[in-house]
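See structure below.
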Amino acid sequence: MFIYFETGRLIVRQYMLSDVDELFHIMSDSRVHTYTKDKGNPWDWQRTDAYIRFMLDKDFKTLDCFHGAVIEKHTNRLIGLCGLNPYKENTPEIEWKLGVPYWGKGYATELGKQIIMEAFAATNIKGIYGMAQPENIASRKVLEKIGMNYLGNQMFRNHEDSFYYIARTSGRTP
């Protein structure tokens, strides 16, 4: 099992096939998808299994593009997913989804800060984008807390998103 990084309370590691049931429990909750393209369409077990198998086939071992399981250290439970998705050349998009019981505990901020720090330290990416639907105030606040600058709203994936960015040298925009 490959570990991407750890924070004080979390481990982000490569998926295992045994993660399907725990991730399904999180991703089958419609509340997790309130502000995503899957709104009203929670994941079924087959989609969760296919997602994990796809990620295992990709065998991500670098932080310029990856998806990993978020594990809460003190319970050793899978509590969500996070990663960096391909977006623009050498400039990925940050992502996280956490189970509802783990909202409001600072985990997204902890993950976001660590993803940025680790990715900039271990890769040559020039920056990282973040996107959130304008009405997703919680995620927008997290994007700001992790040091990203608001760029404005624009259409993306057939809906309006608020765009954020952090450059390798903080404070610059693309």
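In the structure tokens, chains take letters A, B, ... by order of appearance, with residues numbered from 1 within each chain and ligands from 1 in the order shown.
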
Legend entry - Exercise: A:Asn85 partners within 9 Å, only C-alpha atoms, chain neighbours under 2 positions left out, as an NGL selection string: :A and (64-67 or 83 or 87 or 92-95)

Deliver the residues from the most recent selection as a file, using N, CA, C and O atoms, as a JSON list (two decimals), in the first residue's frame.
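Contents of part10.json, as written:
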```
[["chain", "number", "residue", "atom", "x", "y", "z"],
["A", 64, "ASP", "N", 1.49, 14.92, -8.74],
["A", 64, "ASP", "CA", 1.03, 15.88, -9.75],
["A", 64, "ASP", "C", -0.36, 15.50, -10.26],
["A", 64, "ASP", "O", -1.09, 16.33, -10.77],
["A", 65, "CYS", "N", -0.73, 14.24, -10.10],
["A", 65, "CYS", "CA", -2.07, 13.74, -10.44],
["A", 65, "CYS", "C", -2.27, 12.46, -9.62],
["A", 65, "CYS", "O", -1.52, 11.51, -9.79],
["A", 66, "PHE", "N", -3.28, 12.47, -8.75],
["A", 66, "PHE", "CA", -3.52, 11.29, -7.92],
["A", 66, "PHE", "C", -4.92, 11.38, -7.32],
["A", 66, "PHE", "O", -5.54, 12.44, -7.27],
["A", 67, "HIS", "N", -5.42, 10.27, -6.86],
["A", 67, "HIS", "CA", -6.61, 10.18, -6.03],
["A", 67, "HIS", "C", -6.30, 9.18, -4.94],
["A", 67, "HIS", "O", -5.76, 8.11, -5.22],
["A", 83, "GLY", "N", -7.63, 14.37, -3.94],
["A", 83, "GLY", "CA", -6.64, 14.22, -4.98],
["A", 83, "GLY", "C", -6.43, 15.46, -5.80],
["A", 83, "GLY", "O", -6.98, 16.53, -5.50],
["A", 87, "TYR", "N", -6.18, 19.20, -15.10],
["A", 87, "TYR", "CA", -7.03, 20.31, -15.51],
["A", 87, "TYR", "C", -6.36, 21.06, -16.66],
["A", 87, "TYR", "O", -6.74, 20.92, -17.80],
["A", 92, "PRO", "N", -2.95, 21.21, -11.98],
["A", 92, "PRO", "CA", -4.11, 20.37, -11.68],
["A", 92, "PRO", "C", -5.19, 21.09, -10.87],
["A", 92, "PRO", "O", -5.01, 22.23, -10.42],
["A", 93, "GLU", "N", -6.28, 20.37, -10.65],
["A", 93, "GLU", "CA", -7.42, 20.84, -9.85],
["A", 93, "GLU", "C", -7.47, 20.01, -8.57],
["A", 93, "GLU", "O", -7.40, 18.79, -8.61],
["A", 94, "ILE", "N", -7.61, 20.68, -7.44],
["A", 94, "ILE", "CA", -7.70, 19.99, -6.15],
["A", 94, "ILE", "C", -9.13, 19.51, -5.93],
["A", 94, "ILE", "O", -10.08, 20.16, -6.36],
["A", 95, "GLU", "N", -9.25, 18.36, -5.27],
["A", 95, "GLU", "CA", -10.58, 17.80, -4.99],
["A", 95, "GLU", "C", -10.56, 17.08, -3.65],
["A", 95, "GLU", "O", -9.56, 16.50, -3.26]]
```

Distance table requested - stretch 56-89 of chain A against stretch 107-112 of chain A, cut-off 12 Å, only C-alpha atoms: one row per qualifying residue with the closest atom pair and its distance in Å to one decimal, ordered by chain and rising residue number, as a tab-separated table.
```
residue	atom	partner	partner_atom	distance
A:Gly68	CA	A:Leu111	CA	11.3
A:Ala69	CA	A:Leu111	CA	11.5
A:Val70	CA	A:Leu111	CA	8.8
A:Ile71	CA	A:Tyr107	CA	10.6
A:Glu72	CA	A:Tyr107	CA	9.3
A:Lys73	CA	A:Tyr107	CA	11.7
A:Ile79	CA	A:Tyr107	CA	9.8
A:Gly80	CA	A:Ala108	CA	9.9
A:Leu81	CA	A:Leu111	CA	10.0
A:Cys82	CA	A:Leu111	CA	7.9
A:Gly83	CA	A:Gly112	CA	9.3
A:Leu84	CA	A:Gly112	CA	10.2
```

Please dump the current selection as an mmCIF file, in the first residue's frame; keep N, CA, C and O atoms.
```
data_model
loop_
_atom_site.group_PDB
_atom_site.id
_atom_site.type_symbol
_atom_site.label_atom_id
_atom_site.label_comp_id
_atom_site.auth_asym_id
_atom_site.auth_seq_id
_atom_site.Cartn_x
_atom_site.Cartn_y
_atom_site.Cartn_z
ATOM 1 N N GLY A 68 -6.650 9.516 -3.705
ATOM 2 C CA GLY A 68 -6.355 8.624 -2.613
ATOM 3 C C GLY A 68 -7.474 8.552 -1.595
ATOM 4 O O GLY A 68 -8.359 9.413 -1.536
ATOM 5 N N ALA A 69 -7.416 7.513 -0.804
ATOM 6 C CA ALA A 69 -8.355 7.300 0.298
ATOM 7 C C ALA A 69 -7.900 8.136 1.483
ATOM 8 O O ALA A 69 -6.718 8.148 1.823
ATOM 9 N N VAL A 70 -8.835 8.827 2.113
ATOM 10 C CA VAL A 70 -8.543 9.621 3.304
ATOM 11 C C VAL A 70 -8.910 8.773 4.522
ATOM 12 O O VAL A 70 -10.064 8.370 4.685
ATOM 13 N N ILE A 71 -7.922 8.522 5.356
ATOM 14 C CA ILE A 71 -8.088 7.666 6.526
ATOM 15 C C ILE A 71 -7.921 8.514 7.785
ATOM 16 O O ILE A 71 -6.930 9.235 7.933
ATOM 17 N N GLU A 72 -8.885 8.417 8.682
ATOM 18 C CA GLU A 72 -8.780 9.086 9.974
ATOM 19 C C GLU A 72 -7.862 8.232 10.860
ATOM 20 O O GLU A 72 -8.152 7.054 11.101
ATOM 21 N N LYS A 73 -6.765 8.821 11.319
ATOM 22 C CA LYS A 73 -5.757 8.048 12.059
ATOM 23 C C LYS A 73 -6.301 7.383 13.325
ATOM 24 O O LYS A 73 -6.047 6.200 13.546
ATOM 25 N N ILE A 79 -12.659 7.947 5.509
ATOM 26 C CA ILE A 79 -13.657 8.995 5.717
ATOM 27 C C ILE A 79 -13.922 9.819 4.458
ATOM 28 O O ILE A 79 -14.753 10.722 4.477
ATOM 29 N N GLY A 80 -13.216 9.519 3.369
ATOM 30 C CA GLY A 80 -13.443 10.269 2.141
ATOM 31 C C GLY A 80 -12.364 10.025 1.114
ATOM 32 O O GLY A 80 -11.589 9.075 1.215
ATOM 33 N N LEU A 81 -12.338 10.920 0.145
ATOM 34 C CA LEU A 81 -11.350 10.848 -0.927
ATOM 35 C C LEU A 81 -10.795 12.237 -1.171
ATOM 36 O O LEU A 81 -11.398 13.246 -0.827
ATOM 37 N N CYS A 82 -9.617 12.273 -1.769
ATOM 38 C CA CYS A 82 -9.027 13.546 -2.169
ATOM 39 C C CYS A 82 -8.047 13.287 -3.294
ATOM 40 O O CYS A 82 -7.680 12.140 -3.561
ATOM 41 N N GLY A 83 -7.632 14.369 -3.938
ATOM 42 C CA GLY A 83 -6.642 14.216 -4.982
ATOM 43 C C GLY A 83 -6.431 15.464 -5.797
ATOM 44 O O GLY A 83 -6.981 16.529 -5.500
ATOM 45 N N LEU A 84 -5.606 15.306 -6.811
ATOM 46 C CA LEU A 84 -5.364 16.336 -7.804
ATOM 47 C C LEU A 84 -5.730 15.757 -9.161
ATOM 48 O O LEU A 84 -5.196 14.722 -9.564
#
```

Legend entry - helix (DSSP H, G or I) positions in stretch 74-108 of chain A, given as a PyMOL selection string: chain A and resi 100-102+107-108

Inset, instruction - Output as a PyMOL selection string all residues of stretch 28-173 of chain A that backbone DSSP marks as strand (DSSP E). - result: chain A and resi 66-72+77-88+91-98+127-132+149-156+159-167

Legend entry - 12 Å contact set for A:Ala50, only C-alpha atoms, chain neighbours under 5 positions out, as a ChimeraX atom specification: /A:15,17,19-20,23-24,43-45,55-57

For the interface of stretch 33-52 of chain A with stretch 134-150 of chain A (cut-off 12 Å, counting only C-alpha atoms), please tabulate each contacting residue of stretch 33-52 of chain A alongside its nearest pair of atoms and their separation in Å to one decimal, rows sorted by chain and increasing number, as a Markdown table.
```
| residue | atom | partner | partner_atom | distance |
| --- | --- | --- | --- | --- |
| A:His33 | CA | A:Asn136 | CA | 11.1 |
| A:Thr34 | CA | A:Asn136 | CA | 8.7 |
| A:Tyr35 | CA | A:Asn136 | CA | 6.4 |
| A:Thr36 | CA | A:Asn136 | CA | 9.6 |
```

Test item: residues at most 6 Å from A:Lys126, only C-alpha atoms, excluding those fewer than 2 positions along its chain, as a CSV table (one decimal) with C-alpha atoms, in the first residue's frame:
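That gives us result.csv:
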```csv
chain,number,residue,atom,x,y,z
A,91,THR,CA,-1.7,22.9,-13.3
A,167,ALA,CA,0.7,29.4,-7.7
A,168,ARG,CA,4.0,27.8,-6.6
```

Inset, instruction - For A:Thr62, list every protein, DNA or RNA residue within 9 Å, evaluated using only C-alpha atoms, and leave out those in the same chain fewer than 5 positions away; present the list as a list in words. - result: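 Selected residues are Tyr4, Ala119, Ala122 and Thr123 of chain A.
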
Dump of C-alpha atoms for the selected residues, as a PDB file, in the first residue's frame:
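Once written, result18.pdb looks like this:
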```pdb
ATOM      1  CA  TYR A   4       0.861   9.725  -0.427  1.00  0.00           C
ATOM      2  CA  ALA A 119       2.533  18.672  -4.374  1.00  0.00           C
ATOM      3  CA  ALA A 122       7.464  16.837  -4.761  1.00  0.00           C
ATOM      4  CA  THR A 123       6.527  17.959  -8.299  1.00  0.00           C
TER       5      THR A 123
END
```

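Interatomic distance, atom CA of A:Gly99 against atom CA of A:Tyr129: 22.6 Å.
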
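Here atom CA of A:Phe163 stands at a distance of 22.1 Å from atom CA of A:Arg31.
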
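Atom CA of A:Asn90 lies 21.2 Å from atom CA of A:Met155.
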
Inset, instruction - Excluding A:Thr169 and any residue of its chain fewer than 3 positions from it, enumerate the residues within 12 Å of it, using only C-alpha atoms, and give them as a PyMOL selection string. - result: chain A and resi 116-117+120-121+125-128+147-148+165-166+172-174

Mind dumping the selected residues with N, CA and C atoms as a PDB file, in the first residue's frame?
```pdb
ATOM      1  N   ILE A 116      -1.410  20.857  -1.116  1.00  0.00           N
ATOM      2  CA  ILE A 116      -0.664  21.942  -1.761  1.00  0.00           C
ATOM      3  C   ILE A 116       0.809  21.874  -1.388  1.00  0.00           C
ATOM      4  N   MET A 117       1.094  21.768  -0.097  1.00  0.00           N
ATOM      5  CA  MET A 117       2.485  21.733   0.351  1.00  0.00           C
ATOM      6  C   MET A 117       3.234  20.536  -0.246  1.00  0.00           C
ATOM      7  N   PHE A 120       3.653  20.834  -4.221  1.00  0.00           N
ATOM      8  CA  PHE A 120       4.672  21.802  -4.611  1.00  0.00           C
ATOM      9  C   PHE A 120       6.080  21.321  -4.255  1.00  0.00           C
ATOM     10  N   ALA A 121       6.218  20.581  -3.156  1.00  0.00           N
ATOM     11  CA  ALA A 121       7.527  20.081  -2.746  1.00  0.00           C
ATOM     12  C   ALA A 121       8.005  18.915  -3.607  1.00  0.00           C
ATOM     13  N   ILE A 125       4.723  21.086 -10.729  1.00  0.00           N
ATOM     14  CA  ILE A 125       3.516  21.800 -11.130  1.00  0.00           C
ATOM     15  C   ILE A 125       3.690  23.282 -10.821  1.00  0.00           C
ATOM     16  N   LYS A 126       3.070  24.114 -11.657  1.00  0.00           N
ATOM     17  CA  LYS A 126       3.247  25.561 -11.466  1.00  0.00           C
ATOM     18  C   LYS A 126       2.150  26.177 -10.610  1.00  0.00           C
ATOM     19  N   GLY A 127       1.047  25.467 -10.423  1.00  0.00           N
ATOM     20  CA  GLY A 127      -0.042  25.981  -9.608  1.00  0.00           C
ATOM     21  C   GLY A 127      -1.132  24.941  -9.468  1.00  0.00           C
ATOM     22  N   ILE A 128      -2.130  25.270  -8.670  1.00  0.00           N
ATOM     23  CA  ILE A 128      -3.261  24.376  -8.434  1.00  0.00           C
ATOM     24  C   ILE A 128      -4.540  25.202  -8.477  1.00  0.00           C
ATOM     25  N   GLY A 147      -5.193  29.095   1.218  1.00  0.00           N
ATOM     26  CA  GLY A 147      -4.310  30.043   0.537  1.00  0.00           C
ATOM     27  C   GLY A 147      -4.618  30.321  -0.920  1.00  0.00           C
ATOM     28  N   MET A 148      -5.761  29.847  -1.403  1.00  0.00           N
ATOM     29  CA  MET A 148      -6.096  30.065  -2.807  1.00  0.00           C
ATOM     30  C   MET A 148      -6.766  31.428  -2.990  1.00  0.00           C
ATOM     31  N   TYR A 165      -7.191  29.787  -7.250  1.00  0.00           N
ATOM     32  CA  TYR A 165      -5.880  29.384  -7.751  1.00  0.00           C
ATOM     33  C   TYR A 165      -4.810  29.717  -6.722  1.00  0.00           C
ATOM     34  N   ILE A 166      -3.822  28.853  -6.660  1.00  0.00           N
ATOM     35  CA  ILE A 166      -2.607  29.156  -5.909  1.00  0.00           C
ATOM     36  C   ILE A 166      -1.424  28.771  -6.789  1.00  0.00           C
ATOM     37  N   ARG A 172       0.345  34.699  -6.732  1.00  0.00           N
ATOM     38  CA  ARG A 172       0.270  34.950  -8.173  1.00  0.00           C
ATOM     39  C   ARG A 172      -0.931  34.232  -8.753  1.00  0.00           C
ATOM     40  N   THR A 173      -1.497  34.808  -9.780  1.00  0.00           N
ATOM     41  CA  THR A 173      -2.582  34.139 -10.500  1.00  0.00           C
ATOM     42  C   THR A 173      -2.090  33.806 -11.891  1.00  0.00           C
ATOM     43  N   PRO A 174      -2.769  32.887 -12.567  1.00  0.00           N
ATOM     44  CA  PRO A 174      -2.270  32.429 -13.874  1.00  0.00           C
ATOM     45  C   PRO A 174      -2.326  33.513 -14.928  1.00  0.00           C
TER      46      PRO A 174
END
```

Legend entry - Nearest-residue call for A:Phe2, choices A:Lys105, A:Asp59, A:Asp49, A:Asp21, using only C-alpha atoms: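 Checking each candidate against A:Phe2, we get A:Asp59 as the closest.
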